[in-house]
Amino acid sequence: MVSTDGSSGRVLIDEDAAADGHLRVAHALEPISGERHLAVVPPPEWARDW
């Protein structure tokens with residue numbers, strides 16, 4: 001995700017909403033400075049070095 005201030009980070013999309021055609025962020029996988037309101041849930045171990 002790229003924030004309006006140019007900061008960016010990985011996010012997890014709500015798959016149920018996506019199946020209905022809606023793009024909704026479930027949570028961030030890492031802190032995004034321009035989106036401090038997003039909850040951060042670290043990714044699973046296998047995805048940490050992406």
# chains A, B, ... in the order shown; residues from 1 in each chain; ligands from 1
call {"tool": "select_by_dssp", "arguments": {"residues": "chain A", "states": "strand (DSSP E or B)", "output": "list in words"}}
result
Val2, Ser8, Val11, Leu12, Ile13, Val25, Ala26, His27, Ala28 and Val40 of chain A
call {"tool": "write_last_selection", "arguments": {"atoms": "all heavy atoms", "output": "PDB file, in the first residue's frame"}}
result
ATOM      1  N   VAL A   2       0.506   2.243  -0.746  1.00  0.00           N
ATOM      2  CA  VAL A   2       1.225   3.518  -0.738  1.00  0.00           C
ATOM      3  C   VAL A   2       0.288   4.570  -0.157  1.00  0.00           C
ATOM      4  O   VAL A   2      -0.823   4.766  -0.647  1.00  0.00           O
ATOM      5  CB  VAL A   2       1.678   3.929  -2.152  1.00  0.00           C
ATOM      6  CG1 VAL A   2       2.373   5.272  -2.111  1.00  0.00           C
ATOM      7  CG2 VAL A   2       2.596   2.872  -2.748  1.00  0.00           C
ATOM      8  N   SER A   8       5.043   3.572   2.449  1.00  0.00           N
ATOM      9  CA  SER A   8       4.426   2.357   1.928  1.00  0.00           C
ATOM     10  C   SER A   8       4.722   1.168   2.821  1.00  0.00           C
ATOM     11  O   SER A   8       5.604   1.212   3.682  1.00  0.00           O
ATOM     12  CB  SER A   8       4.926   2.069   0.511  1.00  0.00           C
ATOM     13  OG  SER A   8       6.318   1.817   0.543  1.00  0.00           O
ATOM     14  N   VAL A  11       0.265  -4.962   3.128  1.00  0.00           N
ATOM     15  CA  VAL A  11      -1.006  -5.089   3.827  1.00  0.00           C
ATOM     16  C   VAL A  11      -1.670  -6.405   3.441  1.00  0.00           C
ATOM     17  O   VAL A  11      -1.333  -7.017   2.429  1.00  0.00           O
ATOM     18  CB  VAL A  11      -1.968  -3.924   3.503  1.00  0.00           C
ATOM     19  CG1 VAL A  11      -1.400  -2.605   3.986  1.00  0.00           C
ATOM     20  CG2 VAL A  11      -2.282  -3.855   2.027  1.00  0.00           C
ATOM     21  N   LEU A  12      -2.615  -6.823   4.248  1.00  0.00           N
ATOM     22  CA  LEU A  12      -3.424  -7.997   3.955  1.00  0.00           C
ATOM     23  C   LEU A  12      -4.810  -7.504   3.566  1.00  0.00           C
ATOM     24  O   LEU A  12      -5.401  -6.666   4.252  1.00  0.00           O
ATOM     25  CB  LEU A  12      -3.517  -8.913   5.169  1.00  0.00           C
ATOM     26  CG  LEU A  12      -4.274 -10.218   4.952  1.00  0.00           C
ATOM     27  CD1 LEU A  12      -3.467 -11.131   4.037  1.00  0.00           C
ATOM     28  CD2 LEU A  12      -4.524 -10.905   6.256  1.00  0.00           C
ATOM     29  N   ILE A  13      -5.312  -8.012   2.451  1.00  0.00           N
ATOM     30  CA  ILE A  13      -6.625  -7.618   1.946  1.00  0.00           C
ATOM     31  C   ILE A  13      -7.689  -8.568   2.489  1.00  0.00           C
ATOM     32  O   ILE A  13      -7.463  -9.771   2.618  1.00  0.00           O
ATOM     33  CB  ILE A  13      -6.630  -7.663   0.399  1.00  0.00           C
ATOM     34  CG1 ILE A  13      -5.560  -6.722  -0.169  1.00  0.00           C
ATOM     35  CG2 ILE A  13      -7.993  -7.343  -0.184  1.00  0.00           C
ATOM     36  CD1 ILE A  13      -5.721  -5.286   0.204  1.00  0.00           C
ATOM     37  N   VAL A  25      -8.653  -3.184   3.143  1.00  0.00           N
ATOM     38  CA  VAL A  25      -7.460  -3.594   3.866  1.00  0.00           C
ATOM     39  C   VAL A  25      -7.884  -4.163   5.220  1.00  0.00           C
ATOM     40  O   VAL A  25      -8.589  -3.508   5.986  1.00  0.00           O
ATOM     41  CB  VAL A  25      -6.503  -2.400   4.070  1.00  0.00           C
ATOM     42  CG1 VAL A  25      -5.324  -2.791   4.940  1.00  0.00           C
ATOM     43  CG2 VAL A  25      -6.029  -1.871   2.731  1.00  0.00           C
ATOM     44  N   ALA A  26      -7.459  -5.398   5.497  1.00  0.00           N
ATOM     45  CA  ALA A  26      -7.754  -6.023   6.789  1.00  0.00           C
ATOM     46  C   ALA A  26      -6.801  -5.486   7.860  1.00  0.00           C
ATOM     47  O   ALA A  26      -7.228  -5.102   8.951  1.00  0.00           O
ATOM     48  CB  ALA A  26      -7.635  -7.538   6.692  1.00  0.00           C
ATOM     49  N   HIS A  27      -5.499  -5.466   7.553  1.00  0.00           N
ATOM     50  CA  HIS A  27      -4.489  -4.907   8.457  1.00  0.00           C
ATOM     51  C   HIS A  27      -3.159  -4.792   7.716  1.00  0.00           C
ATOM     52  O   HIS A  27      -2.983  -5.368   6.649  1.00  0.00           O
ATOM     53  CB  HIS A  27      -4.325  -5.748   9.728  1.00  0.00           C
ATOM     54  CG  HIS A  27      -3.920  -7.162   9.471  1.00  0.00           C
ATOM     55  ND1 HIS A  27      -4.817  -8.185   9.378  1.00  0.00           N
ATOM     56  CD2 HIS A  27      -2.704  -7.726   9.271  1.00  0.00           C
ATOM     57  CE1 HIS A  27      -4.177  -9.321   9.144  1.00  0.00           C
ATOM     58  NE2 HIS A  27      -2.888  -9.070   9.060  1.00  0.00           N
ATOM     59  N   ALA A  28      -2.251  -4.055   8.309  1.00  0.00           N
ATOM     60  CA  ALA A  28      -0.907  -3.917   7.747  1.00  0.00           C
ATOM     61  C   ALA A  28      -0.034  -5.052   8.269  1.00  0.00           C
ATOM     62  O   ALA A  28      -0.230  -5.544   9.377  1.00  0.00           O
ATOM     63  CB  ALA A  28      -0.314  -2.573   8.146  1.00  0.00           C
ATOM     64  N   VAL A  40      -1.354  -3.320  12.994  1.00  0.00           N
ATOM     65  CA  VAL A  40      -0.220  -4.048  12.418  1.00  0.00           C
ATOM     66  C   VAL A  40      -0.189  -5.453  13.008  1.00  0.00           C
ATOM     67  O   VAL A  40      -0.140  -5.624  14.221  1.00  0.00           O
ATOM     68  CB  VAL A  40       1.114  -3.330  12.704  1.00  0.00           C
ATOM     69  CG1 VAL A  40       2.288  -4.150  12.181  1.00  0.00           C
ATOM     70  CG2 VAL A  40       1.109  -1.943  12.094  1.00  0.00           C
TER      71      VAL A  40
END
call {"tool": "atom_distance", "arguments": {"atom1": "CA of Val41 (chain A)", "atom2": "CA of Asp14 (chain A)"}}
result
13.6 Å
call {"tool": "select_by_dssp", "arguments": {"residues": "chain A", "states": "alpha helix (DSSP H)", "output": "list in words"}}
result
Glu15, Asp16, Ala17, Ala18 and Ala19 of chain A
call {"tool": "write_last_selection", "arguments": {"atoms": "C-alpha atoms", "output": "PDB file, in the first residue's frame"}}
result
ATOM      1  CA  GLU A  15     -10.567 -11.828   0.942  1.00  0.00           C
ATOM      2  CA  ASP A  16     -14.339 -11.950   1.492  1.00  0.00           C
ATOM      3  CA  ALA A  17     -14.723  -8.304   0.503  1.00  0.00           C
ATOM      4  CA  ALA A  18     -12.450  -8.858  -2.514  1.00  0.00           C
ATOM      5  CA  ALA A  19     -14.639 -11.767  -3.648  1.00  0.00           C
TER       6      ALA A  19
END
call {"tool": "atom_distance", "arguments": {"atom1": "CA of Glu45 (chain A)", "atom2": "CA of Gly6 (chain A)"}}
result
27.0 Å
call {"tool": "atom_distance", "arguments": {"atom1": "CA of Leu29 (chain A)", "atom2": "CA of Arg10 (chain A)"}}
result
5.4 Å
